[in-house]
$ cat protein-v5.cif   # mmCIF, C-alpha atoms and all ligand atoms
data_run
loop_
_atom_site.label_atom_id
_atom_site.label_comp_id
_atom_site.auth_asym_id
_atom_site.auth_seq_id
_atom_site.Cartn_x
_atom_site.Cartn_y
_atom_site.Cartn_z
CA MET G 1 24.59 -13.01 10.73
CA ILE G 2 22.62 -12.36 7.56
CA LYS G 3 22.87 -8.84 6.13
CA ILE G 4 19.64 -7.56 4.53
CA LEU G 5 19.47 -4.43 2.42
CA THR G 6 15.85 -3.25 2.60
CA ILE G 7 14.61 -0.92 -0.14
CA VAL G 8 11.87 1.59 0.68
CA GLY G 9 10.77 4.74 -1.12
CA ALA G 10 7.01 5.25 -1.21
CA ARG G 11 4.74 5.88 1.80
CA PRO G 12 3.25 2.36 2.05
CA GLN G 13 6.72 0.81 1.97
CA LEU G 14 7.78 2.72 5.05
CA ILE G 15 4.68 1.42 6.78
CA LYS G 16 5.31 -2.17 5.64
CA ALA G 17 9.01 -1.98 6.55
CA SER G 18 8.11 -1.13 10.13
CA ALA G 19 6.53 -4.58 10.57
CA ILE G 20 9.68 -6.42 9.50
CA SER G 21 12.01 -4.06 11.40
CA ARG G 22 9.95 -4.58 14.53
CA ALA G 23 10.15 -8.38 14.16
CA ILE G 24 13.93 -8.17 13.65
CA ASN G 25 14.34 -5.98 16.75
CA GLN G 26 12.12 -8.14 18.90
CA LYS G 27 13.17 -11.63 17.84
CA PHE G 28 15.91 -11.83 15.25
CA SER G 29 18.53 -9.21 16.13
CA ASP G 30 21.10 -11.98 16.77
CA SER G 31 20.79 -13.32 13.26
CA ILE G 32 19.66 -10.44 11.00
CA HIS G 33 21.38 -7.12 10.43
CA GLU G 34 19.14 -4.78 8.44
CA ILE G 35 20.35 -1.78 6.43
CA LEU G 36 17.60 0.56 5.24
CA LEU G 37 17.90 2.28 1.86
CA HIS G 38 15.35 5.01 1.07
CA THR G 39 15.21 5.81 -2.63
CA GLY G 40 13.63 9.22 -1.98
CA GLN G 41 10.66 8.44 -4.25
CA HIS G 42 8.46 10.12 -1.62
CA TYR G 43 10.10 13.05 0.14
CA ASP G 44 7.54 15.47 1.63
CA VAL G 45 7.63 15.29 5.40
CA ASN G 46 4.04 14.01 5.51
CA MET G 47 4.78 11.34 2.86
CA SER G 48 8.00 10.04 4.41
CA ALA G 49 9.68 11.40 7.58
CA VAL G 50 6.47 11.28 9.61
CA PHE G 51 6.30 7.49 9.19
CA ILE G 52 9.93 6.88 10.11
CA GLU G 53 9.44 8.80 13.32
CA GLU G 54 5.98 7.56 14.27
CA LEU G 55 6.50 3.87 13.47
CA GLY G 56 9.92 3.64 15.11
CA LEU G 57 11.83 2.79 11.94
CA PRO G 58 15.59 3.29 12.09
CA GLN G 59 16.77 6.31 10.09
CA PRO G 60 17.70 5.05 6.63
CA THR G 61 21.45 4.49 6.30
CA ILE G 62 21.25 5.61 2.66
CA ASN G 63 18.87 8.12 1.08
CA LEU G 64 19.24 8.36 -2.68
CA GLU G 65 16.99 11.43 -2.87
CA VAL G 66 15.86 10.61 -6.40
CA GLY G 67 12.61 12.58 -6.07
CA SER G 68 9.90 12.68 -8.73
CA ALA G 69 10.58 12.07 -12.43
CA SER G 70 9.29 10.07 -15.39
CA HIS G 71 9.19 6.32 -14.84
CA ALA G 72 12.40 5.45 -16.68
CA THR G 73 14.39 8.35 -15.26
CA GLN G 74 13.23 7.73 -11.71
CA THR G 75 13.80 3.95 -11.91
CA ALA G 76 17.21 4.35 -13.55
CA ARG G 77 18.40 6.82 -10.90
CA MET G 78 17.29 4.41 -8.21
CA MET G 79 19.03 1.46 -9.85
CA GLU G 80 22.31 3.35 -10.07
CA GLY G 81 22.19 4.23 -6.37
CA ILE G 82 21.07 0.77 -5.28
CA GLU G 83 23.83 -0.88 -7.30
CA LYS G 84 26.42 1.32 -5.54
CA ALA G 85 24.91 0.46 -2.16
CA ILE G 86 25.10 -3.26 -2.95
CA PHE G 87 28.80 -2.89 -3.83
CA ASN G 88 29.45 -0.85 -0.67
CA TYR G 89 27.48 -2.89 1.86
CA GLN G 90 27.72 -6.38 0.32
CA PRO G 91 24.30 -7.57 1.55
CA ASN G 92 23.39 -11.29 1.48
CA VAL G 93 19.81 -10.40 0.55
CA VAL G 94 17.90 -7.46 -0.94
CA LEU G 95 14.35 -7.12 0.39
CA VAL G 96 11.67 -5.24 -1.54
CA TYR G 97 8.01 -4.47 -0.82
CA GLY G 98 5.00 -4.15 -3.06
CA ASP G 99 4.95 -2.81 -6.59
CA THR G 100 6.37 0.69 -6.88
CA ASN G 101 9.25 1.92 -9.00
CA SER G 102 11.44 1.57 -5.89
CA THR G 103 10.48 -2.12 -5.70
CA CYS G 104 11.32 -2.81 -9.31
CA ALA G 105 14.59 -0.84 -9.20
CA GLY G 106 15.73 -2.76 -6.12
CA ALA G 107 14.85 -6.13 -7.59
CA LEU G 108 16.54 -5.48 -10.93
CA ALA G 109 19.72 -4.02 -9.46
CA ALA G 110 20.08 -6.93 -7.03
CA ALA G 111 19.22 -9.70 -9.47
CA LYS G 112 21.80 -8.46 -11.98
CA LEU G 113 24.44 -8.67 -9.25
CA GLN G 114 23.16 -12.12 -8.30
CA VAL G 115 22.09 -11.05 -4.84
CA PRO G 116 18.94 -12.99 -3.84
CA VAL G 117 15.79 -10.85 -3.86
CA VAL G 118 13.06 -11.32 -1.26
CA HIS G 119 9.73 -9.94 -2.47
CA ILE G 120 7.07 -9.22 0.12
CA GLU G 121 3.58 -8.86 -1.44
CA ALA G 122 4.41 -11.19 -4.31
CA GLY G 123 1.87 -12.68 -6.70
CA LEU G 124 -0.70 -9.92 -6.69
CA ARG G 125 -2.13 -9.18 -10.11
CA SER G 126 -4.71 -6.78 -11.51
CA PHE G 127 -4.26 -8.20 -15.04
CA ASN G 128 -4.18 -4.59 -16.24
CA LYS G 129 -0.77 -3.73 -17.64
CA LYS G 130 -1.77 -0.09 -18.07
CA MET G 131 -1.03 0.17 -14.35
CA PRO G 132 2.68 0.88 -13.81
CA GLU G 133 2.42 -1.26 -10.67
CA GLU G 134 1.39 -4.35 -12.65
CA VAL G 135 4.56 -4.12 -14.71
CA ASN G 136 6.66 -3.59 -11.59
CA ARG G 137 5.11 -6.63 -9.86
CA ILE G 138 5.60 -9.01 -12.73
CA VAL G 139 9.21 -7.97 -13.29
CA THR G 140 9.99 -8.15 -9.57
CA ASP G 141 8.40 -11.55 -9.03
CA HIS G 142 10.25 -13.08 -11.94
CA VAL G 143 13.72 -12.14 -10.67
CA SER G 144 13.05 -12.95 -7.00
CA THR G 145 14.32 -15.89 -4.95
CA LEU G 146 11.82 -15.90 -2.06
CA LEU G 147 8.30 -14.72 -2.92
CA PHE G 148 5.92 -14.06 -0.04
CA SER G 149 2.30 -13.74 -1.17
CA PRO G 150 -0.17 -12.32 1.33
CA THR G 151 -3.12 -14.20 -0.19
CA GLU G 152 -4.02 -17.58 -1.56
CA ILE G 153 -5.08 -15.96 -4.84
CA GLY G 154 -1.64 -14.34 -5.13
CA PHE G 155 0.03 -17.71 -4.53
CA ASP G 156 -2.15 -19.31 -7.21
CA ASN G 157 -1.27 -16.52 -9.65
CA LEU G 158 2.40 -17.42 -9.24
CA VAL G 159 1.72 -21.10 -9.84
CA LYS G 160 -0.19 -20.19 -13.01
CA GLU G 161 2.83 -18.16 -14.17
CA GLY G 162 5.04 -21.23 -13.88
CA PHE G 163 6.46 -21.02 -10.36
CA ASN G 164 6.94 -24.47 -8.81
CA ARG G 165 4.89 -24.78 -5.62
CA ASN G 166 7.13 -27.68 -4.47
CA SER G 167 10.59 -26.32 -5.27
CA VAL G 168 13.33 -27.59 -2.95
CA SER G 169 16.28 -25.84 -1.39
CA PRO G 170 18.84 -24.46 -2.24
CA HIS G 171 16.82 -21.57 -3.66
CA SER G 172 17.97 -18.97 -6.16
CA ALA G 173 16.43 -16.71 -8.80
CA SER G 174 16.45 -19.78 -11.07
CA ASN G 175 14.86 -22.00 -8.40
CA PRO G 176 12.64 -19.63 -6.40
CA LYS G 177 10.43 -20.52 -3.44
CA ILE G 178 6.86 -19.24 -3.17
CA TYR G 179 4.82 -18.84 0.00
CA HIS G 180 1.27 -18.00 1.01
CA CYS G 181 2.01 -16.38 4.34
CA GLY G 182 -0.42 -13.62 5.35
CA ASP G 183 -0.07 -9.87 5.22
CA ILE G 184 2.38 -7.73 7.20
CA MET G 185 -0.05 -4.80 6.93
CA TYR G 186 -2.43 -6.83 9.08
CA ASP G 187 0.39 -7.24 11.62
CA ASN G 188 0.67 -3.44 11.70
CA SER G 189 -3.06 -2.81 11.97
CA LEU G 190 -3.29 -5.10 15.00
CA TYR G 191 -0.14 -3.69 16.55
CA PHE G 192 -1.04 -0.01 16.18
CA ALA G 193 -4.85 -0.04 16.53
CA GLN G 194 -4.82 0.72 20.23
CA SER G 195 -2.08 3.37 20.24
CA ALA G 196 -3.76 5.10 17.28
CA SER G 197 -6.80 5.74 19.46
CA GLU G 198 -4.67 6.87 22.38
CA ARG G 199 -2.36 9.16 20.42
CA SER G 200 -4.42 10.58 17.56
CA LYS G 201 -6.80 13.47 18.11
CA ILE G 202 -7.65 13.88 14.45
CA LYS G 203 -11.39 13.14 14.64
CA LYS G 204 -11.87 15.67 17.41
CA ARG G 205 -9.78 18.26 15.58
CA ILE G 206 -11.94 17.97 12.44
CA GLY G 207 -15.20 17.50 14.33
CA LEU G 208 -16.04 13.96 13.17
CA SER G 209 -18.02 11.48 15.21
CA ASP G 210 -17.61 7.70 15.15
CA GLY G 211 -19.64 5.99 12.46
CA GLY G 212 -20.79 9.33 11.07
CA TYR G 213 -18.39 10.08 8.20
CA ILE G 214 -16.85 8.68 5.04
CA LEU G 215 -13.08 8.42 4.57
CA SER G 216 -11.75 8.76 1.04
CA THR G 217 -8.33 8.63 -0.64
CA VAL G 218 -7.51 8.85 -4.36
CA HIS G 219 -4.09 8.68 -5.97
CA ARG G 220 -4.05 6.35 -9.01
CA PRO G 221 -2.87 8.19 -12.15
CA SER G 222 -5.86 6.79 -14.07
CA ASN G 223 -8.18 8.58 -11.61
CA THR G 224 -6.24 11.79 -11.01
CA ASP G 225 -4.68 12.49 -14.39
CA ILE G 226 -7.59 11.66 -16.70
CA ALA G 227 -9.91 14.65 -16.22
CA SER G 228 -13.12 12.82 -17.14
CA ASN G 229 -12.43 10.14 -14.51
CA LEU G 230 -11.56 12.70 -11.84
CA ILE G 231 -14.79 14.61 -12.57
CA GLU G 232 -16.85 11.42 -12.15
CA ILE G 233 -15.22 10.66 -8.79
CA VAL G 234 -15.67 14.20 -7.48
CA GLU G 235 -19.32 14.24 -8.59
CA GLY G 236 -19.87 10.92 -6.79
CA LEU G 237 -18.32 12.29 -3.59
CA LEU G 238 -20.29 15.55 -3.81
CA SER G 239 -23.52 13.64 -4.19
CA ILE G 240 -22.80 11.51 -1.10
CA ALA G 241 -21.88 14.61 0.90
CA ARG G 242 -25.08 16.39 -0.23
CA ASN G 243 -27.08 13.48 1.19
CA GLY G 244 -25.68 14.18 4.63
CA ASP G 245 -22.55 12.14 5.32
CA PRO G 246 -19.45 14.27 5.87
CA ILE G 247 -16.37 13.18 3.92
CA VAL G 248 -12.79 13.44 5.07
CA ALA G 249 -10.19 13.15 2.31
CA PRO G 250 -6.46 13.25 3.05
CA LEU G 251 -5.08 14.36 -0.31
CA HIS G 252 -2.10 12.55 -1.80
CA PRO G 253 0.11 15.18 -3.53
CA ARG G 254 -0.85 13.79 -6.93
CA MET G 255 -4.55 14.33 -6.08
CA GLU G 256 -3.95 17.75 -4.58
CA LYS G 257 -2.33 18.85 -7.83
CA ALA G 258 -4.96 17.12 -9.98
CA ILE G 259 -8.00 18.80 -8.45
CA ARG G 260 -6.39 22.19 -9.11
CA GLN G 261 -5.30 21.35 -12.65
CA ASN G 262 -7.91 18.94 -14.00
CA LEU G 263 -11.29 20.00 -12.59
CA PRO G 264 -13.47 22.64 -14.24
CA LYS G 265 -13.45 25.77 -12.06
CA GLU G 266 -17.10 25.40 -11.02
CA LEU G 267 -16.59 21.83 -9.79
CA TYR G 268 -13.33 22.72 -8.05
CA ASP G 269 -15.15 25.53 -6.20
CA LYS G 270 -18.00 23.22 -5.22
CA LEU G 271 -15.57 20.61 -3.89
CA THR G 272 -13.39 23.01 -1.94
CA SER G 273 -16.25 25.07 -0.49
CA ALA G 274 -18.58 22.20 0.54
CA ASP G 275 -19.21 22.50 4.29
CA ASN G 276 -19.08 18.78 4.98
CA ILE G 277 -16.12 17.84 2.78
CA HIS G 278 -12.82 18.08 4.64
CA LEU G 279 -9.88 18.12 2.24
CA ILE G 280 -6.79 17.74 4.39
CA PRO G 281 -3.06 17.10 3.77
CA PRO G 282 -1.80 13.51 3.98
CA VAL G 283 -2.04 12.25 7.55
CA SER G 284 0.29 10.09 9.63
CA TYR G 285 -0.28 6.34 9.87
CA LEU G 286 -1.75 6.50 13.36
CA GLU G 287 -4.09 9.29 12.28
CA MET G 288 -5.10 7.25 9.24
CA VAL G 289 -5.81 4.18 11.35
CA GLU G 290 -7.90 6.33 13.68
CA LEU G 291 -9.87 7.74 10.74
CA GLU G 292 -10.38 4.24 9.34
CA LYS G 293 -11.59 2.86 12.67
CA GLY G 294 -14.19 5.60 13.05
CA ALA G 295 -15.47 5.69 9.47
CA LYS G 296 -18.90 4.54 8.37
CA MET G 297 -17.50 3.58 4.99
CA ILE G 298 -14.29 3.99 2.99
CA ILE G 299 -14.00 5.09 -0.64
CA THR G 300 -10.54 4.59 -2.13
CA ASP G 301 -8.34 3.50 -4.99
CA SER G 302 -5.46 2.66 -2.64
CA GLY G 303 -4.30 -0.93 -2.36
CA GLY G 304 -3.39 -0.65 1.30
CA VAL G 305 -6.50 1.25 2.34
CA GLN G 306 -8.78 -1.39 0.74
CA LYS G 307 -7.30 -3.97 3.08
CA GLU G 308 -7.30 -1.72 6.13
CA ALA G 309 -11.04 -1.13 5.53
CA PHE G 310 -11.47 -4.90 5.90
CA PHE G 311 -9.16 -5.11 8.95
CA PHE G 312 -11.30 -2.48 10.70
CA GLN G 313 -14.55 -4.01 9.38
CA LYS G 314 -15.68 -1.13 7.17
CA PRO G 315 -17.34 -1.55 3.79
CA CYS G 316 -15.16 -0.24 0.99
CA ILE G 317 -16.05 1.29 -2.37
CA VAL G 318 -13.10 0.75 -4.70
CA LEU G 319 -12.54 3.46 -7.31
CA ARG G 320 -11.11 0.99 -9.79
CA GLU G 321 -12.37 -1.42 -12.44
CA GLU G 322 -10.39 -4.31 -10.97
CA THR G 323 -8.42 -5.04 -7.81
CA GLU G 324 -5.62 -7.26 -6.59
CA TRP G 325 -7.65 -7.95 -3.42
CA VAL G 326 -10.21 -10.08 -5.24
CA GLU G 327 -11.26 -12.00 -2.10
CA LEU G 328 -12.70 -8.81 -0.60
CA VAL G 329 -14.96 -8.22 -3.59
CA GLU G 330 -16.00 -11.88 -3.77
CA ASN G 331 -16.83 -11.86 -0.05
CA GLY G 332 -18.95 -8.70 -0.31
CA ASN G 333 -16.69 -6.45 1.80
CA SER G 334 -15.61 -4.28 -1.16
CA LYS G 335 -17.40 -3.15 -4.28
CA LEU G 336 -15.73 -2.09 -7.52
CA ALA G 337 -17.20 1.20 -8.73
CA GLY G 338 -14.47 2.48 -11.04
CA PRO G 339 -14.41 6.19 -11.75
CA ASP G 340 -18.19 6.26 -12.25
CA SER G 341 -20.38 8.60 -10.17
CA LYS G 342 -23.52 6.50 -10.63
CA LYS G 343 -21.77 3.29 -9.54
CA ILE G 344 -20.23 5.12 -6.56
CA GLU G 345 -23.66 6.37 -5.45
CA ASP G 346 -25.24 2.93 -5.98
CA ALA G 347 -22.50 1.20 -3.98
CA TYR G 348 -22.90 3.78 -1.23
CA ASP G 349 -26.67 3.12 -1.06
CA GLU G 350 -26.15 -0.63 -1.08
CA PHE G 351 -23.57 -0.56 1.72
CA THR G 352 -25.63 1.92 3.77
CA HIS G 353 -28.46 -0.62 3.90
CA LYS G 354 -26.44 -3.82 4.07
CA THR G 355 -26.20 -5.29 7.56
CA GLU G 356 -24.66 -8.74 7.05
CA PHE G 357 -20.90 -8.72 6.63
CA ASN G 358 -18.37 -11.39 7.51
CA TYR G 359 -14.62 -11.21 7.92
CA PRO G 360 -12.80 -14.48 7.19
CA PRO G 361 -9.09 -14.64 8.12
CA PHE G 362 -7.84 -13.87 4.59
CA TYR G 363 -4.63 -12.17 5.74
CA GLY G 364 -3.11 -14.41 8.40
CA THR G 365 -2.91 -14.05 12.13
CA GLY G 366 -0.86 -10.90 12.61
CA GLN G 367 2.48 -12.72 12.87
CA THR G 368 3.46 -12.72 9.22
CA ALA G 369 6.58 -10.58 9.69
CA GLU G 370 8.05 -13.13 12.11
CA PHE G 371 7.33 -15.96 9.71
CA ILE G 372 9.06 -14.10 6.87
CA CYS G 373 12.16 -13.32 8.96
CA ALA G 374 12.45 -16.95 10.07
CA GLU G 375 12.17 -18.19 6.48
CA ILE G 376 14.80 -15.72 5.23
CA ILE G 377 17.22 -17.07 7.85
CA LYS G 378 16.33 -20.67 7.09
CA GLN G 379 16.57 -20.41 3.31
CA LEU G 380 19.25 -17.78 2.76
CA GLY G 381 21.18 -17.53 6.04
C1 LIG G 401 3.58 5.76 -6.02
C2 LIG G 401 3.57 4.35 -6.60
C3 LIG G 401 2.21 3.71 -6.34
C4 LIG G 401 1.85 3.75 -4.87
C5 LIG G 401 1.96 5.18 -4.35
C6 LIG G 401 1.78 5.19 -2.86
C7 LIG G 401 4.90 3.99 -8.65
C8 LIG G 401 4.87 3.87 -10.11
N1 LIG G 401 3.76 4.40 -8.04
O1 LIG G 401 2.61 6.52 -6.72
O2 LIG G 401 2.25 2.35 -6.73
O3 LIG G 401 0.52 3.31 -4.72
O4 LIG G 401 3.28 5.69 -4.63
O5 LIG G 401 1.47 6.45 -2.38
O6 LIG G 401 5.92 3.72 -8.06
N2 LIG G 401 4.82 14.04 -4.92
C9 LIG G 401 5.04 15.06 -4.05
N3 LIG G 401 5.68 14.78 -2.89
C10 LIG G 401 6.13 13.54 -2.56
C11 LIG G 401 5.92 12.52 -3.47
C12 LIG G 401 5.26 12.75 -4.65
O7 LIG G 401 4.64 16.20 -4.31
O8 LIG G 401 6.71 13.37 -1.46
C13 LIG G 401 4.07 14.32 -6.18
C14 LIG G 401 4.97 14.66 -7.36
O9 LIG G 401 4.31 15.63 -8.12
C15 LIG G 401 5.01 13.35 -8.13
C16 LIG G 401 3.62 12.75 -7.85
O10 LIG G 401 3.31 13.15 -6.52
O11 LIG G 401 5.22 13.54 -9.50
C17 LIG G 401 3.58 11.25 -7.95
O12 LIG G 401 4.59 10.62 -7.16
P1 LIG G 401 5.18 9.20 -7.57
O13 LIG G 401 6.04 8.67 -6.49
O14 LIG G 401 5.78 9.26 -8.94
O15 LIG G 401 3.90 8.31 -7.74
P2 LIG G 401 2.68 8.10 -6.74
O16 LIG G 401 1.44 8.53 -7.42
O17 LIG G 401 3.00 8.65 -5.42
N1 LIG G 402 -1.91 6.33 4.61
C1 LIG G 402 -1.49 7.22 5.58
N2 LIG G 402 -1.84 8.54 5.43
C2 LIG G 402 -2.61 8.99 4.40
C3 LIG G 402 -3.04 8.04 3.43
C4 LIG G 402 -2.67 6.72 3.56
O1 LIG G 402 -0.80 6.85 6.53
O2 LIG G 402 -2.89 10.19 4.34
C5 LIG G 402 -1.51 4.90 4.75
C6 LIG G 402 -2.64 3.92 4.74
O3 LIG G 402 -3.16 3.74 6.05
C7 LIG G 402 -1.96 2.65 4.22
C8 LIG G 402 -0.93 3.21 3.25
O4 LIG G 402 -0.73 4.57 3.61
O5 LIG G 402 -1.29 1.97 5.25
C9 LIG G 402 -1.43 3.13 1.83
O6 LIG G 402 -0.59 3.86 1.02
P1 LIG G 402 -1.06 4.49 -0.36
O7 LIG G 402 -2.53 4.59 -0.42
O8 LIG G 402 -0.26 5.71 -0.57
O9 LIG G 402 -0.50 3.41 -1.43
P2 LIG G 402 -0.98 1.99 -1.95
O10 LIG G 402 -1.33 1.15 -0.80
O11 LIG G 402 -2.11 2.23 -2.88
O12 LIG G 402 0.22 1.49 -2.69
#
$ encode --input "protein-v5.cif" --output "structure tokens" --more "lines below"
Ligand code: UD1
Ligand code: UDP
Amino acid sequence: MIKILTIVGARPQLIKASAISRAINQKFSDSIHEILLHTGQHYDVNMSAVFIEELGLPQPTINLEVGSASHATQTARMMEGIEKAIFNYQPNVVLVYGDTNSTCAGALAAAKLQVPVVHIEAGLRSFNKKMPEEVNRIVTDHVSTLLFSPTEIGFDNLVKEGFNRNSVSPHSASNPKIYHCGDIMYDNSLYFAQSASERSKIKKRIGLSDGGYILSTVHRPSNTDIASNLIEIVEGLLSIARNGDPIVAPLHPRMEKAIRQNLPKELYDKLTSADNIHLIPPVSYLEMVELEKGAKMIITDSGGVQKEAFFFQKPCIVLREETEWVELVENGNSKLAGPDSKKIEDAYDEFTHKTEFNYPPFYGTGQTAEFICAEIIKQLG
């Protein structure tokens, strides 16, 4: 029996963890024992507990309750707690997802204790080190033992950084193994698409009709915390709404705070009083999937939502200058608009008139979680 300590903390990690936990429950419960550690990076009910309940995750065995803080303070508190958990539970493997401070804290704490790190979503790069996530990804990848990249481009990034594509077992942090394996978020989208429609009544509650609204999320510090960027984004959204398409925007807490603090009063009033802009609290995963499935278009700076737009075959305007999901831009499914109202409006016009889209199988077949579990057992069991 292999004992895995899984580190989660931010909303998307709870969602990703549900894919692996489901695979363990369904196929690998004889050989994998998973212990869930929640760092407490996200803590509001609608940023954390709602996902544990809705996606059938086990209650975390450990919750460090670190909460919000500056990067170093938050990461250090997490590392202290994770180190204690590693001493207490003696896992064979520490598993981390994505690129948040929780990811980096888990990887560093484990690597220093010579516990093999498994990184899911390895190899992704924006090549912009102003993003805290870029720093977290690079650090995490370079102390990991098994690196699972969802995309071919991510795999190639690792090779360019010196990882050996043909490394042979036994693997360790000094002799890591890299994979191109597909995306566990695609597993989830396939698995939950049907029940989202059956269980979520969100479109009816808000009064949205299929294909007749835009879904938008914003949470990157460069968009929320730099007032000039936030103003550009809000002006872009207001202009689209004025032209007729309603917008629904579940507000990440960082965005909710930012519109109050960083927008001029007149613009704040326009945004919050517009009839066809629905600013709502963060929604559950099933509600989000339901909103994505019904949208005409998606406007976001979220990593996960960019991909889900593709999974549900919606064009996506990306509120960033660059993206880790390069294949979506190259294939014409996404368009980079940055925090620029003119580019947002132009992308909206272009996508409104574009009819030819195609959806190559960039992200696997929906069975990535099973593949990852089997490889963990094979390589580290
Ligand atoms: C974090 C991740 C980011 C990921 C995002 C997913 C880092 C550096 N960033 O960004 O990569 O895309 O999660 O959503 O790890 N807050 C609340 N309630 C909560 C959580 C946060 O009010 O439950 C507020 C606090 O004011 C906090 C702010 O949101 O300061 C930002 O939270 P934080 O976890 O630091 O970063 P995110 O922007 O959520
Ligand atoms: N999500 C959600 N409710 C929301 C907004 C997003 O369930 O109100 C989901 C979304 O469907 C995706 C994930 O959260 O699966 C993306 O997380 P987020 O945008 O917070 O972070 P990122 O992917 O950018 O790291």
$ residues_near_ligand --input "protein-v5.cif" --ligand "ligand LIG 402 (chain G)" --cutoff "7 Å" --atoms "all atoms listed in the file" --output "CSV table (one decimal) with C-alpha atoms, in the coordinates of the input"
chain,number,residue,atom,x,y,z
G,11,ARG,CA,4.7,5.9,1.8
G,12,PRO,CA,3.2,2.4,2.0
G,15,ILE,CA,4.7,1.4,6.8
G,217,THR,CA,-8.3,8.6,-0.6
G,250,PRO,CA,-6.5,13.2,3.0
G,251,LEU,CA,-5.1,14.4,-0.3
G,252,HIS,CA,-2.1,12.6,-1.8
G,281,PRO,CA,-3.1,17.1,3.8
G,282,PRO,CA,-1.8,13.5,4.0
G,283,VAL,CA,-2.0,12.2,7.6
G,284,SER,CA,0.3,10.1,9.6
G,285,TYR,CA,-0.3,6.3,9.9
G,286,LEU,CA,-1.8,6.5,13.4
G,288,MET,CA,-5.1,7.2,9.2
G,289,VAL,CA,-5.8,4.2,11.4
G,301,ASP,CA,-8.3,3.5,-5.0
G,302,SER,CA,-5.5,2.7,-2.6
G,303,GLY,CA,-4.3,-0.9,-2.4
G,304,GLY,CA,-3.4,-0.6,1.3
G,305,VAL,CA,-6.5,1.2,2.3
G,308,GLU,CA,-7.3,-1.7,6.1
$ residues_near_ligand --input "protein-v5.cif" --ligand "ligand LIG 401 (chain G)" --cutoff "8 Å" --atoms "only C-alpha atoms and all ligand atoms" --output "PyMOL selection string"
chain G and resi 10-12+41-48+67-71+98-103+132-133+136+219-221+252-255+257+302-303
$ atom_distance --input "protein-v5.cif" --atom1 "atom CA of Met79 of chain G" --atom2 "atom CA of Ala17 of chain G"
19.5 Å
$ residues_around --input "protein-v5.cif" --residues "Thr300 of chain G" --least-positions-apart "5" --cutoff "8 Å" --atoms "only C-alpha atoms" --output "ChimeraX atom specification"
/G:216-218,305-306,316-319
$ closest_residue --input "protein-v5.cif" --among "G:Pro176, G:Pro246, G:Pro58, G:Pro315" --to "Ile24 of chain G" --atoms "only C-alpha atoms"
G:Pro58
$ closest_residue --input "protein-v5.cif" --among "G:Gln194, G:Asn157, G:Thr151, G:Asn276" --to "Ile138 of chain G" --atoms "all atoms listed in the file"
G:Asn157
$ decode --input "protein-v5.cif" --residues "segment 205-221 of chain G" --atoms "C-alpha atoms" --output "mmCIF file, in the first residue's frame"
data_model
loop_
_atom_site.group_PDB
_atom_site.id
_atom_site.type_symbol
_atom_site.label_atom_id
_atom_site.label_comp_id
_atom_site.auth_asym_id
_atom_site.auth_seq_id
_atom_site.Cartn_x
_atom_site.Cartn_y
_atom_site.Cartn_z
ATOM 1 C CA ARG G 205 -32.457 31.702 -11.168
ATOM 2 C CA ILE G 206 -30.608 34.552 -12.897
ATOM 3 C CA GLY G 207 -32.830 34.563 -15.979
ATOM 4 C CA LEU G 208 -30.218 33.561 -18.579
ATOM 5 C CA SER G 209 -31.005 31.661 -21.743
ATOM 6 C CA ASP G 210 -28.692 29.221 -23.520
ATOM 7 C CA GLY G 211 -26.329 30.870 -25.967
ATOM 8 C CA GLY G 212 -27.534 34.326 -24.950
ATOM 9 C CA TYR G 213 -25.012 35.521 -22.365
ATOM 10 C CA ILE G 214 -21.323 36.004 -21.668
ATOM 11 C CA LEU G 215 -19.602 34.410 -18.668
ATOM 12 C CA SER G 216 -16.684 36.288 -17.144
ATOM 13 C CA THR G 217 -14.237 35.708 -14.279
ATOM 14 C CA VAL G 218 -11.277 37.871 -13.230
ATOM 15 C CA HIS G 219 -8.850 37.229 -10.392
ATOM 16 C CA ARG G 220 -5.215 37.765 -11.461
ATOM 17 C CA PRO G 221 -3.492 40.365 -9.249
#
